[in-house]
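**Student:** Just passing along the structure, written as structure tokens.
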Amino acid sequence: MSELTVLLHPDPRLKKTCIPVTNIDKSIKKLCLDMIETMYKYSGVGLAASQVGILKRVVVMDCSEEGEKKPKVLINPEIIWSSEDVSLFEEGCLSIPDIREEIKRPSSVRIKFTDISGVLKEDFFEGLWATCIQHEIDHLNGKLFIDYLGPIKRSFITKKMKKYKKEINKK
Ligand code: NI
């Protein structure tokens, strides 16, 4: 397995709609494993393929308690049901480090997806898992969690990120 480079906002690739995976071949399986490794490396709870520059509908996540490891791979994930009640969670993103904002989303969702062995599945998510899968599916559609914020807050964060990217590029 190898660790992948996580793209930082702003980056045009993070705004792109990802295409469905039609064939789960060796390269997709390797991508999933590399994404899991990368997610753990940066202590993230989820990662979408667009965040590593691959514009395909692949998500990995693990919202289990610290010390436990229950990685999940979701290929072509789709929300087929979402609850009327909503939850507020403080969200962060590996593409927007050190920024956390409270975002309101449906509290629970049902997701249709294909697993890493190519089996079509359905799963129910609630709590942090529900927020996380919605955040990741947004990535596949070119949407970031800061897009839910007001324009002033969003442009403040983008400016801060541009400055941060300049600084790390100097090193
Ligand atoms: Ni994210």
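Numbering starts fresh at 1 for the residues of each chain in the structure tokens, the chains themselves are lettered A, B, ... in the order given, and ligands are numbered from 1 as they appear.
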Hey, which residues come within 9 Å of ligand 1 if we count only C-alpha atoms and all ligand atoms? Could you give them as a PDB file with C-alpha atoms, in the first residue's frame?

**Tutor:**
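The file below, part-v6.pdb, is the result:
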ATOM      1  CA  GLY A  44      -9.531  11.385   9.068  1.00  0.00           C
ATOM      2  CA  GLY A  46     -13.587   9.637   5.646  1.00  0.00           C
ATOM      3  CA  LEU A  47     -11.965  10.240   2.277  1.00  0.00           C
ATOM      4  CA  ALA A  48     -13.364  10.579  -1.240  1.00  0.00           C
ATOM      5  CA  GLN A  51      -9.524  14.328  -2.669  1.00  0.00           C
ATOM      6  CA  GLU A  91     -17.337  18.830  10.492  1.00  0.00           C
ATOM      7  CA  GLY A  92     -13.802  18.995   9.243  1.00  0.00           C
ATOM      8  CA  CYS A  93     -12.140  17.865   6.029  1.00  0.00           C
ATOM      9  CA  LEU A  94      -8.653  16.632   5.171  1.00  0.00           C
ATOM     10  CA  SER A  95      -8.735  19.021   2.188  1.00  0.00           C
ATOM     11  CA  ILE A  96      -9.432  21.976   4.515  1.00  0.00           C
ATOM     12  CA  CYS A 132     -19.645  11.387   7.235  1.00  0.00           C
ATOM     13  CA  HIS A 135     -20.045  14.701   3.482  1.00  0.00           C
ATOM     14  CA  GLU A 136     -18.172  12.168   1.306  1.00  0.00           C
ATOM     15  CA  ASP A 138     -20.940  15.622  -1.511  1.00  0.00           C
ATOM     16  CA  HIS A 139     -17.226  15.372  -2.427  1.00  0.00           C
ATOM     17  CA  LEU A 144     -17.398  20.841   0.076  1.00  0.00           C
ATOM     18  CA  PHE A 145     -18.816  21.266   3.579  1.00  0.00           C
TER      19      PHE A 145
END

**Student:** With DSSP run on the backbone, what are the strand (DSSP E) residues within chain A? I'd like them as a PyMOL selection string.

**Tutor:** chain A and resi 46-48+58-61+72-82+86-93+96-106+108-114+120-126

**Student:** I'd like the neighbourhood of segment 98-100 of chain A as JSON, numbers by chain, where a residue qualifies if any of its atoms comes within 12 Å (using only C-alpha atoms), though same-chain residues fewer than 4 positions away should be ignored.

**Tutor:** {"A": [8, 9, 42, 44, 89, 90, 91, 92, 93, 94, 145, 146, 149, 153, 154, 156, 157, 158, 160, 161, 164]}

**Student:** Tell me which of A:Ile152, A:Ala130, A:Ile116, A:Met39 sits closest to Asp25 of chain A, counting only C-alpha atoms.

**Tutor:** A:Ile116

**Student:** Taking only C-alpha atoms into account, name the residue in A:Thr114, A:Glu3, A:Leu140, A:Glu65 that is nearest to Thr22 of chain A.

**Tutor:**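 Among A:Thr114, A:Glu3, A:Leu140, A:Glu65, it is A:Thr114 that comes nearest to Thr22 of chain A.
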
**Student:** Report the distance between atom CA of Val52 of chain A and atom CA of Leu4 of chain A in Å, rounded to one decimal place.

**Tutor:** 6.4 Å

**Student:** Pull the alpha helix (DSSP H) assignments for segment 1-49 of chain A out of DSSP run on the backbone, and list those residues as a ChimeraX atom specification.

**Tutor:** /A:26-41

**Student:** Would you export the selected residues with N, CA and C atoms as a PDB file, in the first residue's frame, please?

**Tutor:**
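File written: result.pdb
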ATOM      1  N   LYS A  26      -8.163  -4.407 -10.410  1.00  0.00           N
ATOM      2  CA  LYS A  26      -7.017  -4.313  -9.495  1.00  0.00           C
ATOM      3  C   LYS A  26      -6.717  -2.879  -9.098  1.00  0.00           C
ATOM      4  N   SER A  27      -6.783  -1.973 -10.070  1.00  0.00           N
ATOM      5  CA  SER A  27      -6.387  -0.585  -9.783  1.00  0.00           C
ATOM      6  C   SER A  27      -7.377   0.089  -8.836  1.00  0.00           C
ATOM      7  N   ILE A  28      -8.665  -0.266  -8.939  1.00  0.00           N
ATOM      8  CA  ILE A  28      -9.668   0.298  -8.015  1.00  0.00           C
ATOM      9  C   ILE A  28      -9.446  -0.267  -6.609  1.00  0.00           C
ATOM     10  N   LYS A  29      -9.148  -1.567  -6.545  1.00  0.00           N
ATOM     11  CA  LYS A  29      -8.905  -2.190  -5.233  1.00  0.00           C
ATOM     12  C   LYS A  29      -7.683  -1.571  -4.564  1.00  0.00           C
ATOM     13  N   LYS A  30      -6.652  -1.320  -5.354  1.00  0.00           N
ATOM     14  CA  LYS A  30      -5.439  -0.701  -4.801  1.00  0.00           C
ATOM     15  C   LYS A  30      -5.766   0.725  -4.335  1.00  0.00           C
ATOM     16  N   LEU A  31      -6.548   1.434  -5.157  1.00  0.00           N
ATOM     17  CA  LEU A  31      -6.944   2.795  -4.784  1.00  0.00           C
ATOM     18  C   LEU A  31      -7.659   2.793  -3.426  1.00  0.00           C
ATOM     19  N   CYS A  32      -8.587   1.857  -3.229  1.00  0.00           N
ATOM     20  CA  CYS A  32      -9.333   1.770  -1.963  1.00  0.00           C
ATOM     21  C   CYS A  32      -8.383   1.552  -0.790  1.00  0.00           C
ATOM     22  N   LEU A  33      -7.446   0.615  -0.935  1.00  0.00           N
ATOM     23  CA  LEU A  33      -6.506   0.322   0.156  1.00  0.00           C
ATOM     24  C   LEU A  33      -5.601   1.518   0.436  1.00  0.00           C
ATOM     25  N   ASP A  34      -5.142   2.162  -0.623  1.00  0.00           N
ATOM     26  CA  ASP A  34      -4.288   3.342  -0.454  1.00  0.00           C
ATOM     27  C   ASP A  34      -5.067   4.489   0.199  1.00  0.00           C
ATOM     28  N   MET A  35      -6.346   4.611  -0.156  1.00  0.00           N
ATOM     29  CA  MET A  35      -7.166   5.669   0.449  1.00  0.00           C
ATOM     30  C   MET A  35      -7.383   5.409   1.947  1.00  0.00           C
ATOM     31  N   ILE A  36      -7.584   4.130   2.303  1.00  0.00           N
ATOM     32  CA  ILE A  36      -7.756   3.788   3.725  1.00  0.00           C
ATOM     33  C   ILE A  36      -6.476   4.139   4.490  1.00  0.00           C
ATOM     34  N   GLU A  37      -5.341   3.753   3.925  1.00  0.00           N
ATOM     35  CA  GLU A  37      -4.059   4.052   4.576  1.00  0.00           C
ATOM     36  C   GLU A  37      -3.887   5.569   4.755  1.00  0.00           C
ATOM     37  N   THR A  38      -4.232   6.313   3.716  1.00  0.00           N
ATOM     38  CA  THR A  38      -4.090   7.778   3.748  1.00  0.00           C
ATOM     39  C   THR A  38      -5.027   8.396   4.781  1.00  0.00           C
ATOM     40  N   MET A  39      -6.253   7.886   4.828  1.00  0.00           N
ATOM     41  CA  MET A  39      -7.235   8.389   5.815  1.00  0.00           C
ATOM     42  C   MET A  39      -6.722   8.191   7.240  1.00  0.00           C
ATOM     43  N   TYR A  40      -6.205   6.991   7.529  1.00  0.00           N
ATOM     44  CA  TYR A  40      -5.681   6.719   8.877  1.00  0.00           C
ATOM     45  C   TYR A  40      -4.457   7.588   9.178  1.00  0.00           C
ATOM     46  N   LYS A  41      -3.602   7.736   8.165  1.00  0.00           N
ATOM     47  CA  LYS A  41      -2.368   8.511   8.348  1.00  0.00           C
ATOM     48  C   LYS A  41      -2.681   9.934   8.842  1.00  0.00           C
TER      49      LYS A  41
END

**Student:** Which residues come within 9 Å of segment 117-122 of chain A, counting only C-alpha atoms, excluding same-chain residues fewer than 5 positions away, as a ChimeraX atom specification?

**Tutor:** /A:23-24,29,75,110-112

**Student:** With all heavy atoms retained, export the selected residues as a short mmCIF file (atom, residue, chain, number, x, y, z; two decimals), in the first residue's frame.

**Tutor:**
data_model
loop_
_atom_site.label_atom_id
_atom_site.label_comp_id
_atom_site.auth_asym_id
_atom_site.auth_seq_id
_atom_site.Cartn_x
_atom_site.Cartn_y
_atom_site.Cartn_z
N ASN A 23 -16.10 -1.04 -13.33
CA ASN A 23 -15.40 -2.31 -13.21
C ASN A 23 -14.44 -2.24 -12.03
O ASN A 23 -13.55 -1.40 -12.01
CB ASN A 23 -14.65 -2.58 -14.53
CG ASN A 23 -13.88 -3.87 -14.51
OD1 ASN A 23 -14.19 -4.78 -13.74
ND2 ASN A 23 -12.84 -3.95 -15.33
N ILE A 24 -14.68 -3.10 -11.03
CA ILE A 24 -13.81 -3.06 -9.85
C ILE A 24 -12.59 -3.94 -10.12
O ILE A 24 -12.56 -5.12 -9.80
CB ILE A 24 -14.58 -3.48 -8.57
CG1 ILE A 24 -15.78 -2.53 -8.42
CG2 ILE A 24 -13.68 -3.42 -7.34
CD1 ILE A 24 -16.75 -2.93 -7.36
N LYS A 29 -9.15 -1.57 -6.54
CA LYS A 29 -8.90 -2.19 -5.23
C LYS A 29 -7.68 -1.57 -4.56
O LYS A 29 -7.69 -1.30 -3.36
CB LYS A 29 -8.73 -3.71 -5.38
CG LYS A 29 -10.05 -4.39 -5.63
CD LYS A 29 -9.94 -5.89 -5.73
CE LYS A 29 -11.32 -6.48 -6.02
NZ LYS A 29 -11.29 -7.87 -6.41
N ILE A 75 -18.38 2.03 -3.03
CA ILE A 75 -18.19 2.38 -4.44
C ILE A 75 -19.56 2.76 -5.02
O ILE A 75 -20.56 2.09 -4.73
CB ILE A 75 -17.54 1.19 -5.19
CG1 ILE A 75 -16.14 0.93 -4.59
CG2 ILE A 75 -17.45 1.46 -6.69
CD1 ILE A 75 -15.52 -0.39 -4.98
N ARG A 110 -30.13 5.96 4.35
CA ARG A 110 -29.93 4.62 3.78
C ARG A 110 -29.12 4.80 2.51
O ARG A 110 -29.44 5.65 1.68
CB ARG A 110 -31.27 3.96 3.43
CG ARG A 110 -31.80 3.06 4.51
CD ARG A 110 -32.84 2.09 3.97
NE ARG A 110 -32.22 0.79 3.77
CZ ARG A 110 -31.86 -0.03 4.76
NH1 ARG A 110 -32.09 0.29 6.00
NH2 ARG A 110 -31.30 -1.19 4.50
N ILE A 111 -28.09 3.99 2.37
CA ILE A 111 -27.17 4.13 1.24
C ILE A 111 -27.12 2.83 0.45
O ILE A 111 -27.04 1.75 1.02
CB ILE A 111 -25.74 4.46 1.75
CG1 ILE A 111 -25.73 5.69 2.66
CG2 ILE A 111 -24.76 4.61 0.59
CD1 ILE A 111 -26.00 7.01 1.99
N LYS A 112 -27.19 3.00 -0.88
CA LYS A 112 -26.97 1.86 -1.78
C LYS A 112 -25.54 2.02 -2.31
O LYS A 112 -25.15 3.14 -2.66
CB LYS A 112 -27.98 1.97 -2.92
CG LYS A 112 -28.04 0.78 -3.85
CD LYS A 112 -29.22 0.94 -4.80
CE LYS A 112 -28.72 1.57 -6.10
NZ LYS A 112 -29.81 1.71 -7.09
#

**Student:** Excluding Gly127 of chain A and any residue of its chain fewer than 4 positions from it, enumerate the residues within 7 Å of it, using only C-alpha atoms, and give them as a VMD selection string.

**Tutor:** chain A and resid 107 to 108 131

**Student:** Please indicate the distance in Å from atom CA of Thr5 of chain A to atom CA of Ile103 of chain A, rounded to one decimal place.

**Tutor:**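 Those two atoms sit 26.0 Å apart.
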